[in-house]
$ cat final.cif   # mmCIF, C-alpha atoms
data_input
#
loop_
_atom_site.label_atom_id
_atom_site.label_comp_id
_atom_site.auth_asym_id
_atom_site.auth_seq_id
_atom_site.Cartn_x
_atom_site.Cartn_y
_atom_site.Cartn_z
CA MET A 4 -131.09 47.13 -44.27
CA THR A 5 -130.50 45.12 -47.43
CA ALA A 6 -127.25 45.97 -49.19
CA TYR A 7 -128.04 47.82 -52.39
CA ASP A 8 -126.01 45.47 -54.57
CA THR A 9 -127.98 42.44 -53.35
CA LEU A 10 -131.35 43.82 -54.49
CA ILE A 11 -132.97 42.38 -57.63
CA PRO A 12 -131.90 44.52 -60.59
CA ILE A 13 -134.54 45.84 -62.97
CA ASN A 14 -133.49 46.74 -66.49
CA ILE A 15 -135.57 49.14 -68.54
CA VAL A 16 -135.56 48.48 -72.27
CA THR A 17 -137.00 51.51 -73.98
CA GLY A 18 -137.01 52.99 -77.46
CA PHE A 19 -139.39 54.41 -79.96
CA LEU A 20 -142.14 52.55 -81.80
CA GLY A 21 -140.74 49.96 -84.17
CA SER A 22 -137.17 50.43 -83.04
CA GLY A 23 -136.76 46.74 -82.27
CA LYS A 24 -137.09 46.52 -78.48
CA THR A 25 -138.88 43.18 -78.46
CA THR A 26 -136.50 41.67 -81.01
CA LEU A 27 -133.57 42.74 -78.87
CA LEU A 28 -135.17 41.37 -75.72
CA ALA A 29 -135.99 38.07 -77.41
CA ARG A 30 -132.35 37.69 -78.44
CA LEU A 31 -131.05 38.65 -75.02
CA LEU A 32 -133.34 36.22 -73.22
CA LYS A 33 -131.78 33.31 -75.09
CA SER A 34 -128.59 33.94 -73.14
CA PRO A 35 -128.05 31.55 -70.20
CA ALA A 36 -127.04 34.57 -68.10
CA LEU A 37 -130.58 35.94 -68.42
CA ARG A 38 -132.47 32.70 -67.96
CA ASP A 39 -133.77 33.75 -64.53
CA THR A 40 -135.25 37.01 -65.80
CA ALA A 41 -138.89 38.04 -65.37
CA VAL A 42 -140.19 40.24 -68.18
CA LEU A 43 -142.80 42.99 -67.89
CA ILE A 44 -144.23 44.33 -71.12
CA ASN A 45 -146.22 47.52 -71.56
CA GLU A 46 -147.43 46.97 -75.07
CA PHE A 47 -148.18 44.12 -77.39
CA GLY A 48 -145.93 44.26 -80.39
CA GLU A 49 -145.84 42.27 -83.58
CA VAL A 50 -142.89 40.22 -82.39
CA GLY A 51 -143.83 37.52 -79.91
CA LEU A 52 -141.65 36.80 -76.92
CA ASP A 53 -141.16 33.16 -76.09
CA HIS A 54 -140.19 33.29 -72.46
CA HIS A 55 -141.48 31.44 -69.43
CA LEU A 56 -142.11 34.41 -67.22
CA ILE A 57 -143.93 37.29 -68.86
CA GLU A 58 -146.43 39.70 -67.36
CA HIS A 59 -148.29 42.45 -69.12
CA ALA A 60 -149.02 45.73 -67.42
CA GLU A 61 -151.53 48.35 -68.51
CA GLU A 62 -150.22 51.86 -68.22
CA SER A 63 -151.52 53.94 -65.36
CA VAL A 64 -149.80 56.80 -63.65
CA LEU A 65 -150.35 58.12 -60.14
CA LEU A 66 -149.17 61.70 -60.01
CA MET A 67 -147.67 62.82 -56.72
CA ASP A 68 -148.97 65.97 -55.06
CA SER A 69 -145.97 67.94 -56.30
CA GLY A 70 -147.26 67.54 -59.83
CA CYS A 71 -143.76 66.83 -61.05
CA LEU A 72 -144.15 64.47 -63.97
CA CYS A 73 -140.92 62.63 -63.36
CA CYS A 74 -141.95 61.92 -59.76
CA ALA A 75 -144.96 59.83 -60.69
CA ILE A 76 -145.52 56.37 -59.33
CA ARG A 77 -146.54 54.14 -62.20
CA GLY A 78 -149.49 52.36 -60.61
CA ASP A 79 -149.39 49.57 -63.17
CA LEU A 80 -145.74 48.89 -62.49
CA GLN A 81 -146.14 49.18 -58.75
CA GLY A 82 -148.85 46.52 -58.81
CA ALA A 83 -147.08 44.27 -61.29
CA LEU A 84 -143.75 44.31 -59.45
CA ARG A 85 -145.30 43.86 -56.03
CA GLY A 86 -147.32 40.97 -57.46
CA LEU A 87 -144.30 39.37 -59.06
CA PHE A 88 -142.27 39.60 -55.88
CA SER A 89 -145.12 38.21 -53.81
CA GLN A 90 -145.53 35.23 -56.16
CA ARG A 91 -141.78 34.68 -56.08
CA GLU A 92 -141.72 34.65 -52.30
CA ARG A 93 -144.62 32.20 -52.15
CA GLY A 94 -142.83 29.92 -54.59
CA GLU A 95 -145.63 30.22 -57.17
CA ILE A 96 -143.20 31.29 -59.87
CA PRO A 97 -139.49 30.60 -60.36
CA ALA A 98 -137.18 32.69 -58.17
CA PHE A 99 -136.21 35.21 -60.82
CA ARG A 100 -132.97 37.11 -60.23
CA ARG A 101 -133.59 39.98 -62.63
CA VAL A 102 -136.53 41.84 -64.16
CA ALA A 103 -136.60 43.40 -67.62
CA ILE A 104 -139.28 45.98 -68.38
CA GLU A 105 -140.06 46.71 -72.00
CA THR A 106 -141.73 50.10 -72.15
CA SER A 107 -144.23 51.24 -74.70
CA GLY A 108 -142.67 53.30 -77.47
CA LEU A 109 -144.28 56.52 -76.30
CA ALA A 110 -143.37 56.07 -72.65
CA ASP A 111 -141.30 58.56 -70.72
CA PRO A 112 -139.09 56.12 -68.82
CA THR A 113 -138.42 58.48 -65.91
CA PRO A 114 -141.53 57.58 -63.86
CA ILE A 115 -140.59 53.92 -64.30
CA ALA A 116 -137.17 54.65 -62.81
CA TYR A 117 -138.79 56.72 -60.07
CA THR A 118 -141.20 53.91 -59.19
CA ILE A 119 -138.34 51.43 -58.79
CA LEU A 120 -136.16 53.78 -56.76
CA ALA A 121 -138.71 55.51 -54.55
CA GLU A 122 -141.80 53.31 -54.11
CA PRO A 123 -141.79 52.47 -50.39
CA VAL A 124 -142.07 48.67 -50.78
CA LEU A 125 -140.29 48.11 -54.07
CA GLN A 126 -137.13 50.00 -53.06
CA HIS A 127 -136.42 47.35 -50.43
CA HIS A 128 -136.50 44.49 -52.94
CA PHE A 129 -135.46 45.93 -56.28
CA ARG A 130 -132.90 48.34 -57.66
CA LEU A 131 -132.65 50.08 -61.00
CA GLY A 132 -130.26 48.32 -63.37
CA SER A 133 -129.02 49.72 -66.61
CA VAL A 134 -131.43 51.49 -68.94
CA VAL A 135 -131.10 50.31 -72.54
CA THR A 136 -132.47 52.59 -75.23
CA VAL A 137 -133.02 51.08 -78.67
CA VAL A 138 -132.51 53.46 -81.58
CA ASP A 139 -133.62 52.78 -85.13
CA ALA A 140 -130.81 53.74 -87.52
CA VAL A 141 -133.29 54.47 -90.33
CA ASN A 142 -135.94 56.49 -88.47
CA GLY A 143 -134.15 57.44 -85.24
CA VAL A 144 -133.18 60.99 -86.15
CA ALA A 145 -136.68 61.85 -87.37
CA GLN A 146 -138.21 60.36 -84.23
CA LEU A 147 -135.91 62.44 -82.03
CA GLN A 148 -136.94 65.57 -83.95
CA ARG A 149 -140.67 64.89 -83.71
CA HIS A 150 -141.10 63.30 -80.29
CA PRO A 151 -139.75 64.76 -77.04
CA GLU A 152 -140.42 61.36 -75.41
CA SER A 153 -137.71 59.82 -77.54
CA VAL A 154 -135.25 62.51 -76.41
CA LYS A 155 -136.06 61.62 -72.80
CA GLN A 156 -135.51 57.96 -73.63
CA ALA A 157 -132.10 58.85 -75.05
CA ALA A 158 -131.21 61.17 -72.17
CA ILE A 159 -131.61 58.60 -69.42
CA ALA A 160 -129.99 55.72 -71.32
CA ASP A 161 -127.04 53.84 -69.85
CA ARG A 162 -126.51 52.07 -73.17
CA PHE A 163 -127.78 52.59 -76.69
CA VAL A 164 -128.51 49.72 -79.03
CA LEU A 165 -128.51 50.80 -82.67
CA THR A 166 -130.78 48.63 -84.83
CA LYS A 167 -131.23 48.39 -88.62
CA SER A 168 -127.88 50.03 -89.39
CA ALA A 169 -127.42 47.63 -92.30
CA MET A 170 -130.62 49.09 -93.84
CA ALA A 171 -129.63 52.74 -93.36
CA ASP A 172 -127.96 54.59 -96.25
CA ASP A 173 -125.32 56.03 -93.94
CA GLY A 174 -124.83 52.85 -91.92
CA GLY A 175 -126.47 54.52 -88.93
CA ARG A 176 -123.91 57.32 -88.55
CA ALA A 177 -126.53 60.09 -88.26
CA ALA A 178 -128.58 58.23 -85.64
CA ARG A 179 -125.45 57.40 -83.68
CA ALA A 180 -124.33 61.02 -83.76
CA ALA A 181 -127.80 62.25 -82.77
CA VAL A 182 -128.03 60.13 -79.63
CA ARG A 183 -124.43 60.87 -78.66
CA ASP A 184 -125.26 64.55 -79.06
CA ILE A 185 -127.92 64.13 -76.39
CA ASN A 186 -126.11 61.66 -74.15
CA ALA A 187 -122.41 61.08 -74.69
CA ALA A 188 -122.11 59.08 -71.47
CA ALA A 189 -123.81 55.96 -72.88
CA PRO A 190 -121.90 53.55 -75.15
CA VAL A 191 -123.55 52.61 -78.46
CA LEU A 192 -123.76 48.98 -79.59
CA ASP A 193 -124.56 48.40 -83.25
CA LEU A 194 -126.71 45.27 -83.32
CA ASP A 195 -126.03 44.64 -87.02
CA ALA A 196 -122.26 44.97 -86.70
CA GLU A 197 -121.30 43.81 -83.23
CA PRO A 198 -121.94 40.67 -81.19
CA LEU A 199 -124.72 40.92 -78.61
CA ASP A 200 -123.13 40.84 -75.15
CA PRO A 201 -125.77 40.49 -72.39
CA ASP A 202 -123.15 41.29 -69.77
CA ALA A 203 -122.21 44.59 -71.38
CA LEU A 204 -125.85 45.51 -72.00
CA LEU A 205 -127.77 44.37 -68.94
CA THR A 206 -125.97 42.49 -66.21
CA GLY A 207 -122.62 44.27 -65.88
CA ASP A 208 -123.74 47.52 -64.30
CA LEU A 209 -122.38 49.79 -61.57
CA TYR A 210 -123.51 47.51 -58.75
CA ALA A 211 -122.46 44.22 -60.32
CA PRO A 212 -119.15 42.65 -59.35
CA GLY A 213 -116.60 43.57 -61.97
CA GLY A 214 -118.93 46.00 -63.74
CA LYS A 215 -117.75 49.27 -62.24
CA ARG A 216 -114.62 49.91 -64.27
CA ARG A 217 -116.31 49.31 -67.59
CA GLU A 218 -119.30 51.39 -66.52
CA VAL A 219 -117.21 54.38 -65.50
CA ALA A 220 -115.08 54.07 -68.65
CA GLY A 221 -118.31 54.14 -70.66
CA TRP A 222 -119.40 57.38 -68.96
CA LEU A 223 -116.14 59.15 -69.62
CA ASP A 224 -115.10 57.84 -73.04
CA GLY A 225 -117.55 60.11 -74.82
CA PHE A 226 -115.89 63.18 -73.33
CA ALA A 227 -112.27 62.28 -73.99
CA GLY A 228 -110.91 64.27 -76.92
CA VAL A 229 -107.57 63.66 -78.59
CA SER A 230 -105.89 65.90 -76.05
CA GLY A 231 -107.91 64.47 -73.19
CA GLU A 232 -109.81 67.73 -72.82
CA ALA A 233 -113.56 67.92 -72.47
CA ALA A 234 -115.58 67.25 -75.59
CA ASP A 235 -118.91 68.63 -74.53
CA HIS A 236 -122.23 68.04 -76.17
CA THR A 237 -124.28 70.98 -75.06
CA HIS A 238 -125.55 73.60 -77.44
CA ASP A 239 -125.87 77.33 -77.36
CA HIS A 240 -129.60 77.81 -77.54
CA THR A 241 -129.42 81.51 -78.15
CA HIS A 242 -128.42 80.72 -81.74
CA ASP A 243 -129.83 78.55 -84.46
CA HIS A 244 -128.01 75.30 -84.86
CA SER A 245 -128.39 71.99 -86.58
CA HIS A 246 -129.13 70.00 -83.42
CA ASP A 247 -132.89 70.41 -83.62
CA HIS A 248 -133.31 66.77 -82.65
CA SER A 249 -132.03 67.37 -79.13
CA HIS A 250 -134.84 69.64 -77.79
CA GLY A 251 -132.21 71.50 -75.72
CA VAL A 252 -130.82 68.32 -74.15
CA GLY A 253 -127.07 67.87 -74.07
CA SER A 254 -124.29 66.46 -71.93
CA PHE A 255 -121.01 67.67 -70.52
CA CYS A 256 -118.34 66.48 -68.14
CA LEU A 257 -117.03 68.65 -65.30
CA ARG A 258 -113.57 68.03 -63.92
CA PHE A 259 -112.31 69.26 -60.55
CA ASP A 260 -108.65 69.16 -59.63
CA GLY A 261 -108.84 69.27 -55.85
CA PRO A 262 -110.65 66.88 -53.52
CA MET A 263 -114.40 67.22 -53.19
CA ASP A 264 -115.90 67.67 -49.74
CA TRP A 265 -118.66 65.07 -49.46
CA THR A 266 -120.87 67.12 -47.14
CA ALA A 267 -120.64 70.22 -49.34
CA PHE A 268 -121.29 68.11 -52.43
CA GLY A 269 -124.38 66.54 -50.85
CA LEU A 270 -125.75 69.96 -49.91
CA TRP A 271 -125.12 71.30 -53.40
CA MET A 272 -126.50 68.32 -55.30
CA SER A 273 -129.63 68.00 -53.15
CA MET A 274 -130.29 71.73 -53.54
CA LEU A 275 -129.68 71.60 -57.30
CA LEU A 276 -132.01 68.62 -57.78
CA ASN A 277 -134.69 70.18 -55.60
CA ARG A 278 -134.77 73.31 -57.77
CA HIS A 279 -133.71 71.99 -61.18
CA GLY A 280 -134.30 68.22 -61.05
CA GLU A 281 -136.70 68.28 -63.99
CA ARG A 282 -133.87 69.63 -66.17
CA VAL A 283 -131.03 67.59 -64.69
CA LEU A 284 -131.89 64.37 -66.47
CA ARG A 285 -128.87 62.31 -65.43
CA VAL A 286 -125.82 62.81 -63.24
CA LYS A 287 -123.02 60.25 -63.15
CA GLY A 288 -119.72 60.84 -61.50
CA MET A 289 -116.50 59.57 -60.05
CA LEU A 290 -115.51 61.77 -57.11
CA ASN A 291 -112.20 62.24 -55.38
CA VAL A 292 -113.75 62.74 -51.94
CA ALA A 293 -111.53 64.43 -49.36
CA GLY A 294 -110.16 61.86 -46.93
CA VAL A 295 -111.34 58.85 -48.97
CA ALA A 296 -108.72 56.88 -50.91
CA ASP A 297 -110.98 55.17 -53.47
CA PRO A 298 -113.22 57.01 -55.92
CA VAL A 299 -116.83 57.43 -54.83
CA LEU A 300 -119.32 56.82 -57.63
CA ILE A 301 -122.57 58.74 -57.84
CA ASN A 302 -125.51 58.09 -60.14
CA GLY A 303 -128.73 60.06 -60.32
CA VAL A 304 -131.89 60.16 -62.45
CA GLN A 305 -133.67 63.51 -62.23
CA HIS A 306 -134.72 64.07 -58.59
CA ILE A 307 -133.52 60.67 -57.45
CA VAL A 308 -129.98 59.69 -56.50
CA HIS A 309 -128.86 56.08 -56.08
CA PRO A 310 -126.87 55.34 -52.92
CA PRO A 311 -123.21 56.11 -53.70
CA THR A 312 -120.83 53.23 -54.24
CA HIS A 313 -117.08 52.97 -54.68
CA MET A 314 -114.53 51.50 -57.03
CA SER A 315 -111.42 49.75 -55.75
CA GLY A 316 -108.62 52.04 -56.82
CA TRP A 317 -108.50 54.70 -59.52
CA PRO A 318 -108.74 53.47 -63.11
CA ASP A 319 -105.76 55.55 -64.21
CA GLY A 320 -103.36 58.16 -62.91
CA ASP A 321 -105.99 60.90 -63.20
CA ARG A 322 -107.45 61.54 -59.75
CA ARG A 323 -109.63 64.47 -60.69
CA SER A 324 -113.31 64.29 -59.84
CA ARG A 325 -115.28 63.87 -63.05
CA ILE A 326 -119.03 64.43 -63.17
CA VAL A 327 -121.16 63.89 -66.27
CA PHE A 328 -124.36 65.92 -66.53
CA ILE A 329 -127.14 65.33 -69.04
CA VAL A 330 -129.27 68.45 -68.83
CA GLN A 331 -131.96 70.36 -70.63
CA ASP A 332 -131.35 74.05 -71.29
CA MET A 333 -128.77 74.50 -68.55
CA ASP A 334 -125.44 76.26 -68.72
CA ARG A 335 -122.31 74.28 -67.99
CA ALA A 336 -120.29 77.20 -66.64
CA VAL A 337 -123.01 78.21 -64.18
CA ILE A 338 -123.21 74.68 -62.78
CA GLU A 339 -119.43 74.40 -62.57
CA ASP A 340 -119.00 77.73 -60.77
CA SER A 341 -121.80 76.91 -58.35
CA LEU A 342 -120.32 73.55 -57.33
CA ALA A 343 -116.88 75.12 -56.93
CA ALA A 344 -118.34 77.82 -54.65
CA PHE A 345 -120.10 75.23 -52.47
CA ASN A 346 -116.98 73.06 -52.28
CA ALA A 347 -114.96 76.06 -51.16
CA LEU A 348 -117.35 76.53 -48.23
CA ALA A 349 -115.96 73.42 -46.57
CA ALA A 350 -112.48 74.90 -46.42
CA ALA A 351 -113.70 78.25 -45.07
CA MET B 21 -135.07 59.98 -51.66
CA CYS B 22 -137.07 62.10 -54.06
CA SER B 23 -136.45 65.77 -53.48
CA LEU B 24 -140.01 66.74 -54.32
CA CYS B 25 -142.12 63.99 -52.89
CA GLY B 26 -140.31 62.97 -49.71
CA VAL B 27 -141.78 59.48 -49.79
CA LEU B 28 -141.51 57.98 -46.31
CA GLY B 29 -140.11 54.62 -45.38
CA GLY B 30 -137.00 54.79 -47.52
CA ARG B 31 -133.39 54.02 -46.76
CA GLY B 32 -131.07 56.60 -45.25
CA HIS B 33 -130.54 59.73 -47.27
CA TRP B 34 -127.89 59.35 -49.98
CA THR B 35 -125.92 62.34 -48.69
CA GLU B 36 -125.24 60.62 -45.34
CA SER B 37 -122.07 58.57 -45.66
CA SER B 38 -123.24 56.35 -42.79
CA SER B 39 -126.03 55.13 -45.11
CA SER B 40 -123.48 53.83 -47.63
CA PRO B 41 -120.55 52.58 -45.52
CA GLU B 42 -119.21 50.52 -48.43
CA ALA B 43 -118.75 53.65 -50.55
CA PHE B 44 -116.61 55.30 -47.86
CA ALA B 45 -114.78 52.19 -46.62
CA SER B 46 -111.40 53.56 -47.72
CA ARG B 47 -111.74 56.63 -45.51
CA GLN B 48 -108.39 57.44 -43.99
CA GLU B 49 -109.83 58.89 -40.79
CA GLU B 50 -113.00 57.86 -39.03
CA VAL B 51 -115.84 60.34 -39.43
CA THR B 52 -118.66 59.70 -36.98
CA ARG B 53 -122.25 60.25 -38.02
CA ARG B 54 -122.51 62.93 -35.35
CA ARG B 55 -119.47 64.80 -36.66
CA GLU B 56 -120.76 64.64 -40.21
CA ARG B 57 -124.15 65.99 -39.08
CA GLN B 58 -122.50 68.88 -37.28
CA GLU B 59 -120.49 69.74 -40.37
CA ARG B 60 -123.59 69.48 -42.54
CA ILE B 61 -125.43 71.87 -40.23
CA ARG B 62 -122.48 74.29 -40.25
CA LEU B 63 -122.29 74.38 -44.04
CA ALA B 64 -126.07 74.44 -44.49
CA ASN B 65 -126.28 77.47 -42.25
CA ARG B 66 -123.84 79.35 -44.48
CA ILE B 67 -126.34 78.83 -47.30
CA LEU B 68 -129.57 79.16 -45.33
CA GLY B 69 -128.44 82.45 -43.81
CA HIS B 70 -128.92 83.95 -47.27
CA TYR B 71 -132.65 83.22 -46.90
CA GLY B 72 -132.90 84.28 -43.26
CA LEU B 73 -133.11 80.70 -42.02
CA LYS B 74 -131.20 78.64 -39.47
CA LEU B 75 -130.79 74.88 -39.16
CA ALA B 76 -130.17 72.97 -35.92
CA ASP B 77 -129.91 69.37 -34.90
CA PHE B 78 -133.02 67.75 -33.45
CA SER B 79 -132.38 64.67 -31.30
CA GLY B 80 -129.54 63.47 -33.49
CA GLY B 81 -131.92 62.13 -36.12
CA SER B 82 -133.79 65.08 -37.58
CA TYR B 83 -133.26 68.79 -38.10
CA VAL B 84 -135.22 71.85 -37.11
CA LEU B 85 -135.36 74.71 -39.58
CA SER B 86 -136.27 78.14 -38.17
CA THR B 87 -137.02 81.59 -39.49
CA ARG B 88 -135.87 84.79 -37.76
CA THR B 89 -139.40 85.32 -36.54
CA GLY B 90 -139.41 82.00 -34.74
CA ARG B 91 -141.40 79.85 -37.12
CA SER B 92 -139.89 76.38 -37.26
CA LYS B 93 -140.32 73.03 -38.94
CA ILE B 94 -138.81 69.63 -38.24
CA VAL B 95 -137.39 67.83 -41.28
CA ASP B 96 -135.76 64.42 -41.68
CA ASN B 97 -133.00 65.02 -44.19
CA ILE B 98 -131.23 67.65 -46.22
CA THR B 99 -133.53 67.31 -49.22
CA GLU B 100 -136.48 68.14 -46.99
CA VAL B 101 -134.55 71.18 -45.74
CA TRP B 102 -134.66 72.77 -49.19
CA ILE B 103 -138.34 71.95 -49.68
CA ALA B 104 -139.20 73.41 -46.26
CA ALA B 105 -136.95 76.44 -46.83
CA GLU B 106 -138.82 77.34 -50.01
CA ALA B 107 -142.21 76.78 -48.34
CA MET B 108 -141.31 78.86 -45.27
CA THR B 109 -139.83 81.82 -47.16
CA GLY B 110 -141.80 81.74 -50.38
CA ASN B 111 -138.52 82.05 -52.26
CA GLU B 112 -136.73 79.70 -54.58
CA CYS B 113 -133.56 78.29 -53.01
CA ASP B 114 -131.42 78.08 -56.12
CA PRO B 115 -127.76 77.04 -55.88
CA LEU B 116 -127.18 78.63 -59.30
CA ASP B 117 -128.39 82.06 -58.14
CA PRO B 118 -125.45 84.48 -58.58
CA ARG B 119 -126.59 86.52 -55.57
CA LEU B 120 -126.34 83.44 -53.36
CA LEU B 121 -122.96 82.49 -54.80
CA GLY B 122 -121.70 86.04 -54.36
CA GLY B 123 -122.76 85.95 -50.72
CA LEU B 124 -121.03 82.61 -50.13
CA SER B 125 -117.71 83.83 -51.47
CA ALA B 126 -117.83 87.16 -49.61
#
$ encode --input "final.cif" --output "structure tokens"
Amino acid sequence: MTAYDTLIPINIVTGFLGSGKTTLLARLLKSPALRDTAVLINEFGEVGLDHHLIEHAEESVLLMDSGCLCCAIRGDLQGALRGLFSQRERGEIPAFRRVAIETSGLADPTPIAYTILAEPVLQHHFRLGSVVTVVDAVNGVAQLQRHPESVKQAAIADRFVLTKSAMADDGGRAARAAVRDINAAAPVLDLDAEPLDPDALLTGDLYAPGGKRREVAGWLDGFAGVSGEAADHTHDHTHDHSHDHSHGVGSFCLRFDGPMDWTAFGLWMSMLLNRHGERVLRVKGMLNVAGVADPVLINGVQHIVHPPTHMSGWPDGDRRSRIVFIVQDMDRAVIEDSLAAFNALAAA
Amino acid sequence: MCSLCGVLGGRGHWTESSSSPEAFASRQEEVTRRRERQERIRLANRILGHYGLKLADFSGGSYVLSTRTGRSKIVDNITEVWIAAEAMTGNECDPLDPRLLGGLSA
């Protein structure tokens, strides 16, 4: 079996119409670190990409028998990626070491992630890299309010790139707050104010050498308050509130003091995702697994869970398990109590 | 690896530590695949009992899930257990169900 971290990473660059995905990609592809990147594009935008290895894929979706929309194999992507890999193996195209997929603005990126992680052939050659969601500082909040697809794009992001902040009256503060309200586990890079770092955005992910510490810090930073207590971003949907851009999506971080039993955790998580996977949009965590010295890192997208990996040593003196959930209309306390009850089974 | 679709031909299930040896390399005590499977079956049966089901090992590679009336189904991994459990009983197997959680802590 091929080690997961040796598979070809695929980055998804998503974001709403006109948010600046192609402009971002064009700038990133100028970096020497991304020279060996194949690019798949789902739509033709106004900005041309000058890159030596570009394929275009028409959207088509093959729904699985379950009818679950997130578990749909994107037929276009399946064909395009299989074709790219086949050409690469035959030496007909340069041996790319990374793929970047630019989605159409209206795309729900979850079936793209599912296709990469679960398609029987692709999963042996490719792995899902970081998902970059581009957010327009001028129109981003309105797009989140009007289009559930954009909320999904924000929910599964590993990083946000804020564009056009220099043109926004508030410097992009409202758009930044809106996406952090949905997904506080993804760092935000302001393209108008900060240097573009391809390593931080695309290449330095959880499975890249040296990327783990920064990745985990990025998950947890959004939940660290002044006192170090949880700063959750879920909303009480029994009352009116101002977060009407979130469509019920929010994030929170659970912390567990004692060690986590891996077998009990696996039973609980698999059962939770089977029943509620459509509403558990992302799960990312650093677990203190009983009997294991180093933290075990978990990373899931809806019904799919990446193989766990580990980090060499704890990043700080805090050895509590910390699990970030990005969910839709789910109650933090119920999830926390349920996991605690399952974990207690192992000791019984 | 998908809990709903059960696409065949994938890697080992993510819940099996033997499928990700790198992640558990700092284990202080060796845990064999067989021992982990036995523990998984023991814990799963605490949960499945709530639905009138029982899980057993099948040839060290699969599981057999049975009802009290003797109906049974062979499944490959723990995700398939939950799918089969719901199909065999017609009930939702929900880890957030307070009745289940109450039963587990009793």
$ atom_distance --input "final.cif" --atom1 "CA of Arg66 in chain B" --atom2 "CA of Leu121 in chain B"
10.8 Å
$ closest_residue --input "final.cif" --among "B:Thr89, B:Pro115, B:Gly123, B:Tyr71" --to "chain A" --atoms "all atoms listed in the file"
B:Pro115
$ atom_distance --input "final.cif" --atom1 "CA of Val134 in chain A" --atom2 "CA of Leu109 in chain A"
15.6 Å
$ interface_residues --input "final.cif" --of "chain B" --to "chain A" --cutoff "9 Å" --atoms "all atoms listed in the file" --output "PyMOL selection string"
chain B and resi 21-25+27-37+39-49+56-57+59-60+63-64+66-67+98-99+101-103+112-118+121-122+124-125
$ residues_around --input "final.cif" --residues "range 97-103 of chain A" --least-positions-apart "4" --cutoff "10 Å" --atoms "only C-alpha atoms" --output "ChimeraX atom specification"
/A:10-16,28,32,37-44,55-57,84,87-88,90-93,129-134,205-206
$ atom_distance --input "final.cif" --atom1 "CA of Ala350 in chain A" --atom2 "CA of Met263 in chain A"
10.4 Å
$ residues_near_point --input "final.cif" --point "(-144.4, 52.8, -85.8)" --cutoff "10 Å" --atoms "all atoms listed in the file" --output "ChimeraX atom specification"
/A:19-22,108,142,146
$ residues_near_point --input "final.cif" --point "(-129.8, 52.7, -89.9)" --cutoff "10 Å" --atoms "only C-alpha atoms" --output "MDAnalysis selection string"
chainID A and resid 138:144 165:179 193 195
$ residues_around --input "final.cif" --residues "Ala76 in chain B" --least-positions-apart "5" --cutoff "8 Å" --atoms "all atoms listed in the file" --output "VMD selection string"
chain B and resid 61 83 to 85
$ build_atoms --input "final.cif" --residues "range 104-115 of chain B" --atoms "N, CA and C atoms" --output "short mmCIF file (atom, residue, chain, number, x, y, z; two decimals), in the coordinates of the input"
data_model
loop_
_atom_site.label_atom_id
_atom_site.label_comp_id
_atom_site.auth_asym_id
_atom_site.auth_seq_id
_atom_site.Cartn_x
_atom_site.Cartn_y
_atom_site.Cartn_z
N ALA B 104 -138.62 72.61 -47.36
CA ALA B 104 -139.20 73.41 -46.26
C ALA B 104 -138.74 74.86 -46.36
N ALA B 105 -137.48 75.07 -46.74
CA ALA B 105 -136.95 76.44 -46.83
C ALA B 105 -137.75 77.25 -47.85
N GLU B 106 -138.05 76.62 -48.98
CA GLU B 106 -138.82 77.34 -50.01
C GLU B 106 -140.25 77.60 -49.54
N ALA B 107 -140.83 76.62 -48.82
CA ALA B 107 -142.21 76.78 -48.34
C ALA B 107 -142.28 77.87 -47.27
N MET B 108 -141.26 77.92 -46.40
CA MET B 108 -141.31 78.86 -45.27
C MET B 108 -141.01 80.29 -45.70
N THR B 109 -140.21 80.46 -46.75
CA THR B 109 -139.83 81.82 -47.16
C THR B 109 -140.59 82.30 -48.40
N GLY B 110 -141.15 81.36 -49.14
CA GLY B 110 -141.80 81.74 -50.38
C GLY B 110 -140.82 82.08 -51.49
N ASN B 111 -139.55 81.78 -51.26
CA ASN B 111 -138.52 82.05 -52.26
C ASN B 111 -137.95 80.75 -52.82
N GLU B 112 -137.43 80.85 -54.02
CA GLU B 112 -136.73 79.70 -54.58
C GLU B 112 -135.32 79.64 -53.99
N CYS B 113 -134.93 78.47 -53.51
CA CYS B 113 -133.56 78.29 -53.01
C CYS B 113 -132.77 77.65 -54.14
N ASP B 114 -132.07 78.52 -54.88
CA ASP B 114 -131.42 78.08 -56.12
C ASP B 114 -129.90 78.16 -55.98
N PRO B 115 -129.23 77.02 -56.04
CA PRO B 115 -127.76 77.04 -55.88
C PRO B 115 -127.06 77.71 -57.06
#
